[in-house]
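Colleague: Next comes the structure file target.tsv, holding TSV, C-alpha atoms.
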```tsv
chain	number	residue	atom	x	y	z
A	28	MET	CA	1.01	-0.95	22.73
A	29	SER	CA	2.53	-4.28	23.68
A	30	ARG	CA	6.23	-5.01	23.73
A	31	THR	CA	8.41	-4.62	20.66
A	32	ARG	CA	11.59	-6.47	19.77
A	33	THR	CA	14.59	-5.05	18.03
A	34	SER	CA	16.54	-8.18	17.07
A	35	ILE	CA	16.79	-8.75	13.32
A	36	HIS	CA	16.64	-12.26	11.88
A	37	ARG	CA	18.30	-12.69	8.48
A	38	ARG	CA	17.58	-15.26	5.82
A	39	VAL	CA	19.06	-15.68	2.34
A	40	LEU	CA	16.45	-17.31	0.17
A	41	LEU	CA	16.94	-18.91	-3.22
A	42	ALA	CA	13.92	-19.02	-5.45
A	43	ALA	CA	13.31	-22.43	-6.98
A	44	ALA	CA	13.22	-22.54	-10.77
A	45	ILE	CA	9.99	-24.23	-11.76
A	46	SER	CA	8.83	-24.80	-15.31
A	47	ALA	CA	5.17	-24.02	-16.01
A	48	THR	CA	2.88	-22.57	-18.61
A	49	CYS	CA	0.54	-19.59	-18.35
A	50	ALA	CA	-2.35	-19.48	-20.74
A	51	LEU	CA	-4.34	-16.29	-21.05
A	52	GLY	CA	-7.49	-15.64	-22.97
A	53	PRO	CA	-7.95	-12.94	-25.62
A	54	ALA	CA	-6.17	-9.60	-25.18
A	55	GLY	CA	-7.66	-7.65	-22.30
A	56	MET	CA	-9.29	-10.70	-20.72
A	57	ALA	CA	-7.83	-13.25	-18.30
A	58	SER	CA	-8.84	-16.85	-18.89
A	59	ALA	CA	-11.36	-18.44	-16.56
A	60	ALA	CA	-8.73	-20.85	-15.26
A	61	ALA	CA	-6.41	-19.68	-12.52
A	62	PRO	CA	-3.20	-18.17	-13.92
A	63	ALA	CA	-0.08	-20.28	-13.54
A	64	GLN	CA	3.26	-19.24	-12.13
A	65	VAL	CA	6.10	-19.14	-14.65
A	66	HIS	CA	9.65	-19.26	-13.20
A	67	THR	CA	12.51	-18.61	-15.60
A	68	ARG	CA	15.59	-18.23	-13.42
A	69	GLN	CA	16.80	-18.42	-9.87
A	70	ALA	CA	17.07	-15.24	-7.86
A	71	SER	CA	18.41	-14.85	-4.34
A	72	TYR	CA	17.27	-12.34	-1.77
A	73	THR	CA	18.25	-11.38	1.74
A	74	VAL	CA	15.26	-11.10	4.05
A	75	ASP	CA	15.77	-9.30	7.38
A	76	SER	CA	12.88	-9.64	9.81
A	77	ALA	CA	12.06	-8.01	13.14
A	78	GLU	CA	9.06	-8.03	15.44
A	79	LEU	CA	7.62	-4.54	15.45
A	80	GLY	CA	4.25	-4.26	17.18
A	81	GLN	CA	0.65	-5.41	17.26
A	82	GLY	CA	-1.93	-4.79	14.55
A	83	LEU	CA	0.34	-3.61	11.72
A	84	TYR	CA	-1.43	-2.38	8.58
A	85	GLN	CA	0.52	-0.19	6.14
A	86	SER	CA	3.83	1.63	5.82
A	87	ALA	CA	5.12	4.60	3.82
A	88	TYR	CA	8.68	5.83	3.31
A	89	SER	CA	9.81	9.42	3.85
A	90	ALA	CA	12.89	10.29	1.77
A	91	ARG	CA	13.11	13.65	3.53
A	92	ASN	CA	13.55	12.03	6.94
A	93	ASN	CA	14.75	8.54	5.92
A	94	VAL	CA	12.09	6.85	8.04
A	95	LEU	CA	9.24	4.41	7.58
A	96	TRP	CA	5.85	5.43	8.95
A	97	VAL	CA	3.82	2.39	10.00
A	98	THR	CA	0.20	2.27	11.15
A	99	SER	CA	-1.03	-0.13	13.82
A	100	SER	CA	-4.52	-0.71	15.19
A	101	VAL	CA	-5.58	-3.64	17.32
A	102	GLY	CA	-8.92	-5.41	17.46
A	103	PHE	CA	-12.47	-4.43	16.62
A	104	PRO	CA	-14.54	-1.36	17.55
A	105	PRO	CA	-14.17	0.26	19.90
A	106	VAL	CA	-10.45	0.26	19.02
A	107	THR	CA	-8.56	1.49	22.06
A	108	GLN	CA	-5.04	0.57	20.97
A	109	SER	CA	-3.65	2.36	17.91
A	110	GLN	CA	-0.32	4.02	17.10
A	111	LEU	CA	1.60	5.69	14.32
A	112	LEU	CA	5.12	4.26	14.43
A	113	LYS	CA	8.30	5.97	13.24
A	114	VAL	CA	10.69	3.19	12.19
A	115	ASP	CA	14.36	3.30	11.22
A	116	PRO	CA	14.61	1.45	7.86
A	117	GLY	CA	18.20	0.45	8.59
A	118	THR	CA	17.80	-1.07	12.04
A	119	LEU	CA	14.05	-1.80	11.82
A	120	LYS	CA	13.72	-0.29	15.29
A	121	VAL	CA	10.86	1.94	16.42
A	122	GLN	CA	12.25	5.45	16.94
A	123	ALA	CA	8.98	6.93	18.21
A	124	ALA	CA	5.33	5.98	18.64
A	125	TYR	CA	2.46	8.46	18.49
A	126	THR	CA	-1.02	7.72	19.80
A	127	PRO	CA	-4.07	9.03	17.88
A	128	PRO	CA	-6.49	11.26	19.77
A	129	LEU	CA	-9.18	9.87	22.03
A	130	LYS	CA	-12.66	10.16	20.53
A	131	ASP	CA	-14.83	8.50	23.20
A	132	GLU	CA	-13.89	8.72	26.88
A	133	ALA	CA	-16.57	6.22	27.88
A	134	THR	CA	-15.22	3.39	25.70
A	135	GLY	CA	-11.61	4.55	25.32
A	136	ALA	CA	-11.97	4.42	21.53
A	137	ARG	CA	-9.32	6.26	19.55
A	138	GLU	CA	-9.15	7.65	16.03
A	139	ALA	CA	-7.48	4.46	14.82
A	140	VAL	CA	-5.04	4.68	11.88
A	141	TYR	CA	-4.88	2.20	8.96
A	142	GLY	CA	-3.72	3.55	5.57
A	143	VAL	CA	-0.71	5.89	5.41
A	144	ALA	CA	1.16	8.22	3.03
A	145	VAL	CA	3.84	10.85	3.53
A	146	ASP	CA	3.95	14.43	2.29
A	147	ASP	CA	7.63	15.36	2.34
A	148	ALA	CA	6.89	18.77	0.81
A	149	HIS	CA	5.00	19.78	3.96
A	150	ASN	CA	6.72	17.30	6.32
A	151	THR	CA	3.47	15.61	7.27
A	152	VAL	CA	1.97	12.12	7.44
A	153	TRP	CA	-1.55	11.38	6.19
A	154	THR	CA	-3.54	8.44	7.55
A	155	THR	CA	-6.90	6.91	6.82
A	156	ASN	CA	-9.07	6.45	9.91
A	157	THR	CA	-11.25	3.76	8.39
A	158	LEU	CA	-13.64	3.20	11.28
A	159	ASP	CA	-14.29	6.95	11.61
A	160	ASN	CA	-14.79	7.59	7.88
A	161	SER	CA	-12.05	10.19	7.96
A	162	LEU	CA	-8.42	11.10	7.29
A	163	ALA	CA	-5.89	12.60	9.68
A	164	VAL	CA	-2.72	14.64	9.30
A	165	TYR	CA	0.31	14.39	11.61
A	166	SER	CA	3.58	16.31	11.80
A	167	GLN	CA	6.60	14.24	10.74
A	168	ARG	CA	8.83	16.38	12.95
A	169	THR	CA	6.90	16.10	16.21
A	170	GLY	CA	4.22	13.47	15.60
A	171	ARG	CA	1.58	16.00	16.62
A	172	HIS	CA	-1.96	15.41	15.34
A	173	LEU	CA	-2.72	18.41	13.10
A	174	ALA	CA	-6.18	17.75	11.67
A	175	SER	CA	-9.01	15.26	11.17
A	176	LEU	CA	-10.88	15.39	7.85
A	177	PRO	CA	-14.31	13.70	7.85
A	178	GLY	CA	-16.52	12.60	4.99
A	179	VAL	CA	-14.71	9.64	3.36
A	180	LYS	CA	-16.79	6.52	4.03
A	181	HIS	CA	-14.62	3.58	5.00
A	182	ALA	CA	-11.49	5.54	4.07
A	183	ARG	CA	-9.08	2.87	2.88
A	184	ASP	CA	-6.00	4.23	1.11
A	185	VAL	CA	-4.30	7.60	0.69
A	186	VAL	CA	-1.62	8.92	-1.68
A	187	VAL	CA	-0.03	12.38	-1.81
A	188	ASP	CA	0.63	14.43	-4.94
A	189	GLU	CA	3.31	16.78	-3.61
A	190	GLN	CA	3.66	18.68	-6.88
A	191	ARG	CA	-0.02	19.66	-6.95
A	192	ASN	CA	-0.57	19.89	-3.17
A	193	LEU	CA	-3.21	17.18	-3.12
A	194	ALA	CA	-3.90	14.14	-0.95
A	195	TRP	CA	-6.19	11.57	-2.58
A	196	ALA	CA	-8.16	8.98	-0.60
A	197	THR	CA	-10.53	6.15	-1.42
A	198	GLY	CA	-13.95	5.68	0.14
A	199	LEU	CA	-14.55	1.94	-0.15
A	200	GLU	CA	-18.13	2.12	1.09
A	201	ASP	CA	-19.56	4.86	-1.15
A	202	GLY	CA	-17.46	4.48	-4.32
A	203	SER	CA	-15.66	7.79	-3.92
A	204	VAL	CA	-12.16	9.04	-4.71
A	205	VAL	CA	-11.59	12.30	-2.82
A	206	ALA	CA	-8.85	14.94	-3.00
A	207	PHE	CA	-7.85	17.33	-0.19
A	208	ASP	CA	-5.57	20.36	-0.30
A	209	THR	CA	-2.41	19.45	1.62
A	210	ARG	CA	-1.95	23.08	2.74
A	211	THR	CA	-5.47	24.03	3.86
A	212	TYR	CA	-6.90	20.50	4.41
A	213	GLN	CA	-10.00	21.54	2.47
A	214	GLN	CA	-11.72	19.14	0.09
A	215	LYS	CA	-10.86	19.99	-3.52
A	216	ARG	CA	-12.51	17.26	-5.56
A	217	ARG	CA	-14.77	14.24	-5.20
A	218	VAL	CA	-15.45	11.63	-7.88
A	219	THR	CA	-18.05	8.96	-7.12
A	220	VAL	CA	-18.65	5.83	-9.18
A	221	GLU	CA	-21.97	4.16	-8.42
A	222	GLY	CA	-21.56	0.59	-7.15
A	223	ALA	CA	-17.78	0.81	-6.96
A	224	GLY	CA	-15.53	-0.22	-4.09
A	225	PRO	CA	-12.27	1.73	-4.52
A	226	ALA	CA	-9.49	0.35	-2.33
A	227	GLY	CA	-5.78	0.72	-3.21
A	228	LEU	CA	-4.48	3.86	-4.89
A	229	ALA	CA	-1.59	4.80	-7.18
A	230	LEU	CA	-0.50	8.20	-8.47
A	231	ASP	CA	1.14	9.11	-11.77
A	232	GLN	CA	3.34	11.91	-10.47
A	233	ARG	CA	3.99	13.35	-13.92
A	234	THR	CA	0.35	13.83	-14.93
A	235	GLY	CA	-1.43	13.95	-11.57
A	236	THR	CA	-3.72	11.09	-12.64
A	237	VAL	CA	-4.75	8.68	-9.89
A	238	TYR	CA	-5.81	5.05	-10.23
A	239	ALA	CA	-8.03	3.26	-7.72
A	240	ALA	CA	-8.43	-0.52	-7.64
A	241	ASP	CA	-12.16	-1.23	-7.67
A	242	LEU	CA	-12.55	-4.31	-5.47
A	243	MET	CA	-16.26	-4.72	-6.23
A	244	ASN	CA	-15.97	-4.72	-10.02
A	245	SER	CA	-12.46	-6.02	-10.80
A	246	ARG	CA	-11.33	-2.87	-12.59
A	247	LEU	CA	-9.39	0.36	-12.23
A	248	ILE	CA	-10.95	3.78	-11.79
A	249	GLU	CA	-8.81	6.40	-13.52
A	250	VAL	CA	-9.30	9.98	-12.30
A	251	SER	CA	-7.55	12.56	-14.47
A	252	PRO	CA	-7.00	16.24	-13.65
A	253	THR	CA	-8.20	17.10	-17.16
A	254	SER	CA	-11.50	15.20	-17.20
A	255	ASP	CA	-14.63	15.32	-15.08
A	256	GLU	CA	-15.54	11.74	-16.02
A	257	PRO	CA	-13.59	8.79	-14.60
A	258	ARG	CA	-12.29	6.17	-17.01
A	259	LEU	CA	-12.93	2.51	-16.18
A	260	ILE	CA	-10.25	-0.04	-17.11
A	261	PRO	CA	-10.47	-3.86	-16.79
A	262	ALA	CA	-8.27	-5.52	-14.15
A	263	GLY	CA	-7.99	-8.92	-12.48
A	264	ARG	CA	-10.61	-10.70	-10.39
A	265	GLY	CA	-10.93	-9.01	-7.01
A	266	SER	CA	-8.45	-6.20	-7.74
A	267	ILE	CA	-7.67	-4.60	-4.38
A	268	ASP	CA	-4.40	-2.71	-4.86
A	269	VAL	CA	-2.53	-1.02	-7.70
A	270	SER	CA	0.93	0.29	-8.54
A	271	LEU	CA	2.39	1.87	-11.69
A	272	SER	CA	5.45	1.38	-13.85
A	273	ALA	CA	8.09	4.10	-13.76
A	274	ASP	CA	6.83	5.61	-17.02
A	275	GLY	CA	3.18	5.52	-15.92
A	276	ARG	CA	2.06	3.55	-18.96
A	277	THR	CA	1.44	0.25	-17.17
A	278	ALA	CA	-0.53	-0.60	-14.04
A	279	TYR	CA	-0.15	-3.68	-11.85
A	280	THR	CA	-3.06	-4.87	-9.74
A	281	ALA	CA	-3.03	-7.28	-6.83
A	282	ASN	CA	-6.06	-9.50	-7.39
A	283	GLN	CA	-7.30	-10.85	-4.08
A	284	ALA	CA	-9.85	-13.30	-5.46
A	285	ALA	CA	-7.58	-14.66	-8.20
A	286	GLY	CA	-4.35	-14.75	-6.20
A	287	SER	CA	-2.52	-13.02	-9.01
A	288	VAL	CA	-1.08	-9.80	-10.39
A	289	SER	CA	-2.37	-8.27	-13.63
A	290	VAL	CA	-0.23	-6.29	-16.06
A	291	ILE	CA	-2.45	-3.60	-17.59
A	292	ASP	CA	-1.76	-1.45	-20.66
A	293	LEU	CA	-3.31	1.84	-19.56
A	294	ARG	CA	-3.42	3.43	-23.01
A	295	ALA	CA	-5.21	0.48	-24.58
A	296	ALA	CA	-7.16	-0.30	-21.39
A	297	VAL	CA	-6.46	-4.04	-21.61
A	298	VAL	CA	-4.89	-6.70	-19.41
A	299	ARG	CA	-1.75	-7.88	-21.20
A	300	LYS	CA	-0.68	-10.56	-18.69
A	301	GLU	CA	-1.85	-12.20	-15.50
A	302	ILE	CA	0.64	-14.02	-13.27
A	303	ALA	CA	-0.26	-16.21	-10.30
A	304	THR	CA	1.43	-15.08	-7.09
A	305	GLY	CA	-0.29	-16.67	-4.10
A	306	ALA	CA	-3.57	-16.94	-2.27
A	307	GLY	CA	-5.19	-13.65	-1.27
A	308	SER	CA	-2.92	-11.20	-3.10
A	309	LEU	CA	-3.46	-8.02	-1.10
A	310	ALA	CA	-0.85	-5.41	-2.00
A	311	VAL	CA	1.53	-4.59	-4.84
A	312	ALA	CA	4.48	-2.22	-5.20
A	313	THR	CA	6.85	-1.39	-8.07
A	314	ASP	CA	10.63	-1.34	-7.83
A	315	VAL	CA	11.42	1.54	-10.18
A	316	CYS	CA	15.11	0.55	-10.10
A	317	THR	CA	14.51	-2.80	-11.82
A	318	GLY	CA	10.93	-2.60	-13.10
A	319	ASN	CA	10.02	-5.69	-11.04
A	320	VAL	CA	6.95	-5.76	-8.84
A	321	PHE	CA	6.49	-7.18	-5.33
A	322	VAL	CA	3.14	-8.74	-4.42
A	323	ALA	CA	2.11	-9.40	-0.80
A	324	ASN	CA	-0.06	-12.52	-0.55
A	325	ARG	CA	-2.05	-12.66	2.66
A	326	GLY	CA	-3.41	-16.18	2.26
A	327	SER	CA	-0.14	-17.87	1.39
A	328	GLY	CA	2.02	-15.77	3.73
A	329	THR	CA	4.46	-14.92	0.96
A	330	THR	CA	5.81	-12.02	-1.05
A	331	THR	CA	6.24	-12.78	-4.75
A	332	VAL	CA	8.76	-10.97	-6.94
A	333	VAL	CA	7.55	-10.71	-10.53
A	334	ASP	CA	9.17	-9.57	-13.77
A	335	PRO	CA	6.08	-8.04	-15.44
A	336	ARG	CA	7.75	-7.58	-18.82
A	337	ASN	CA	8.28	-11.31	-19.29
A	338	GLY	CA	5.37	-12.39	-17.12
A	339	THR	CA	7.62	-14.48	-14.90
A	340	VAL	CA	7.98	-15.12	-11.18
A	341	LEU	CA	11.51	-14.51	-9.93
A	342	ALA	CA	10.98	-15.55	-6.31
A	343	ASP	CA	8.46	-16.58	-3.67
A	344	LEU	CA	9.61	-15.43	-0.25
A	345	SER	CA	8.13	-16.40	3.09
A	346	THR	CA	7.06	-13.23	4.91
A	347	GLY	CA	4.86	-14.44	7.73
A	348	ALA	CA	1.26	-15.47	8.17
A	349	ASN	CA	-1.21	-12.89	6.87
A	350	THR	CA	1.33	-10.92	4.85
A	351	ASP	CA	-0.48	-7.62	4.58
A	352	HIS	CA	1.36	-4.80	2.83
A	353	VAL	CA	4.46	-3.97	0.80
A	354	VAL	CA	6.25	-0.75	-0.11
A	355	VAL	CA	9.43	-0.45	-2.22
A	356	THR	CA	11.98	2.33	-2.02
A	357	ARG	CA	15.52	2.57	-3.40
A	358	GLY	CA	15.36	-1.04	-4.54
A	359	THR	CA	14.42	-2.37	-1.10
A	360	ALA	CA	11.01	-3.80	-0.22
A	361	TYR	CA	9.46	-3.51	3.24
A	362	VAL	CA	6.69	-6.00	4.01
A	363	LEU	CA	4.34	-6.13	7.00
A	364	ASP	CA	2.57	-9.21	8.31
A	365	LYS	CA	-0.27	-9.71	10.77
A	366	ALA	CA	0.90	-13.05	12.13
A	367	ALA	CA	0.27	-12.23	15.76
A	368	ALA	CA	-2.35	-14.14	17.71
A	369	GLY	CA	-3.22	-13.84	21.37
A	370	ALA	CA	-2.31	-11.42	24.12
A	371	GLY	CA	1.17	-9.98	23.87
A	372	ALA	CA	1.87	-11.35	20.39
A	373	VAL	CA	3.76	-9.10	17.96
A	374	ASP	CA	3.58	-8.65	14.18
A	375	SER	CA	6.70	-8.32	12.04
A	376	ILE	CA	8.37	-6.21	9.39
A	377	HIS	CA	10.48	-7.85	6.67
A	378	ARG	CA	13.12	-6.06	4.59
A	379	ILE	CA	13.86	-7.68	1.22
A	380	ARG	CA	16.97	-6.96	-0.84
A	381	ALA	CA	18.27	-8.74	-3.95
A	382	THR	CA	21.68	-10.36	-3.60
A	383	GLY	CA	22.09	-11.87	-7.04
```
Using structure tokens, write down the structure that the file contains.
Modeller:
Amino acid sequence: MSRTRTSIHRRVLLAAAISATCALGPAGMASAAAPAQVHTRQASYTVDSAELGQGLYQSAYSARNNVLWVTSSVGFPPVTQSQLLKVDPGTLKVQAAYTPPLKDEATGAREAVYGVAVDDAHNTVWTTNTLDNSLAVYSQRTGRHLASLPGVKHARDVVVDEQRNLAWATGLEDGSVVAFDTRTYQQKRRVTVEGAGPAGLALDQRTGTVYAADLMNSRLIEVSPTSDEPRLIPAGRGSIDVSLSADGRTAYTANQAAGSVSVIDLRAAVVRKEIATGAGSLAVATDVCTGNVFVANRGSGTTTVVDPRNGTVLADLSTGANTDHVVVTRGTAYVLDKAAAGAGAVDSIHRIRATG
């Protein structure tokens, strides 16, 4: 991997209060027009930023170890430069970097890592190896590669259900949502929806139900432990990622094509609100402390803070060109960008905290 930098740059940003209207169509349906941003009050945030490494993709927080696990993979196949980074959330410094195994000596291609989730119950990290149609498991303690699990075409996202010893992954290419046993690494369940493109994943920890954002059909795929048939729920145009409210009754989807976030009543299976966030909305995460959601907008290079209950935008924060991913823990959001261009360039991590 190229150089990393440990200096942190701090900004205190004040969200502008802008008056606007947001017209939606009938319940459960967004209007054909693009949703409008609605700002109701000013909110200030501290944004700490640090250059981290090349080719950043996703991050996941381990409460057991108080670390962020960040995936990085550079370039196109054959990908020869990929690492799993162990990052201190306080200093934003890389504590350790682990290189995935070599898979082709002739080309130097490695089992490149993209999606990531932690299993604190077993002290492991799960990654999606998208180009290899597989998942991998690493030790959080040593960084050792423990297993590779094939058979998930264009594996995109992964979430871990620690209570039920399951790791769920999406297969974007074949419409599958697949569960593996986190103890034995054996496949436990596979649900396939014809013509679907499942991307982002969210888990209801109380019920064990998982929700996959179906990019191809602008909907959610609900997979319940108690039903063999998936339930299909409308979402926003180009839904690519999903997160849940603390009580599991509401889903929020990042809608890449619409540049918005949808607020979805899961019981009624309808879209209650749609709020514009920014071009190319790519990832969404819920702050369970406040109920607000953070949306990473790749096209606009911003992270939008939304109050989903009122359907209002609290802040638009600059988080680098090609803002790619967001995760929220303990009221703090961590955002990755892919702003780097050219040899030796470095992508950044941004830490967002409310100050008022």
Colleague: Measuring between only C-alpha atoms, which one of A:Asp208, A:Pro62, A:Gly235, A:Ala262 shows the shortest distance to Val340 (chain A)?
Modeller: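 With only C-alpha atoms as the atom set, the closest residue is A:Pro62.
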Colleague: If I take CA of Ser203 (chain A) and CA of Ala312 (chain A), how far is one from the other in Å, to one decimal?
Modeller: 22.5 Å
Colleague: Find the residue from A:Thr277, A:Ala133, A:Gln214, A:Val185 that sits nearest to Ala239 (chain A); use all atoms listed in the file when measuring.
Modeller: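 Under the stated criterion, the closest residue is A:Val185.
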Colleague: A:Ala136, A:Val94, A:Leu193, A:Leu79: which is nearest Thr356 (chain A), counting all atoms listed in the file?
Modeller: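 Of A:Ala136, A:Val94, A:Leu193, A:Leu79, the one nearest Thr356 (chain A), counting all atoms listed in the file, is A:Val94.
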Colleague: Taking only C-alpha atoms into account, which of A:Ala194, A:Val315, A:Ala306, A:Leu344 comes nearest Ser327 (chain A)?
Modeller: A:Ala306
Colleague: CA of Arg325 (chain A) and CA of Lys365 (chain A), how far apart in Å?
Modeller: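 Here the two named atoms are 8.8 Å from each other.
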Colleague: Fewer than 2 positions away in the same chain doesn't count, so skip those; otherwise give me all residues within 10 Å of Thr169 (chain A), counting all atoms listed in the file, as an NGL selection string.
Modeller: :A and (123 or 125 or 150-151 or 165-167 or 171-172)
Colleague: Quick one: of A:Gly227, A:Asp115, A:Lys120, A:Cys316, who's nearest to Glu78 (chain A), counting only C-alpha atoms?
Modeller: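 For Glu78 (chain A), the nearest of the candidates is A:Lys120.
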Colleague: Would you kindly return, as a PyMOL selection string, each protein, DNA or RNA residue with an atom no farther than 8 Å from any atom of Arg276 (chain A), considering all atoms listed in the file and excluding same-chain residues fewer than 4 positions away?
Modeller: chain A and resi 271-272+292-294
Colleague: Any idea what's packed within 10 Å of Ser270 (chain A), counting only C-alpha atoms, ignoring anything in its chain fewer than 5 positions away? Could you give it as a PyMOL selection string?
Modeller: chain A and resi 227-231+238-240+275+277-281+310-314+320-321
Colleague: Any chance you can output those residues with C-alpha atoms as a tab-separated table (two decimals), in the frame of the given file?
Modeller:
```
chain	number	residue	atom	x	y	z
A	227	GLY	CA	-5.78	0.72	-3.21
A	228	LEU	CA	-4.48	3.86	-4.89
A	229	ALA	CA	-1.59	4.80	-7.18
A	230	LEU	CA	-0.50	8.20	-8.47
A	231	ASP	CA	1.14	9.11	-11.77
A	238	TYR	CA	-5.81	5.05	-10.23
A	239	ALA	CA	-8.03	3.26	-7.72
A	240	ALA	CA	-8.43	-0.52	-7.64
A	275	GLY	CA	3.18	5.52	-15.92
A	277	THR	CA	1.44	0.25	-17.17
A	278	ALA	CA	-0.53	-0.60	-14.04
A	279	TYR	CA	-0.15	-3.68	-11.85
A	280	THR	CA	-3.06	-4.87	-9.74
A	281	ALA	CA	-3.03	-7.28	-6.83
A	310	ALA	CA	-0.85	-5.41	-2.00
A	311	VAL	CA	1.53	-4.59	-4.84
A	312	ALA	CA	4.48	-2.22	-5.20
A	313	THR	CA	6.85	-1.39	-8.07
A	314	ASP	CA	10.63	-1.34	-7.83
A	320	VAL	CA	6.95	-5.76	-8.84
A	321	PHE	CA	6.49	-7.18	-5.33
```
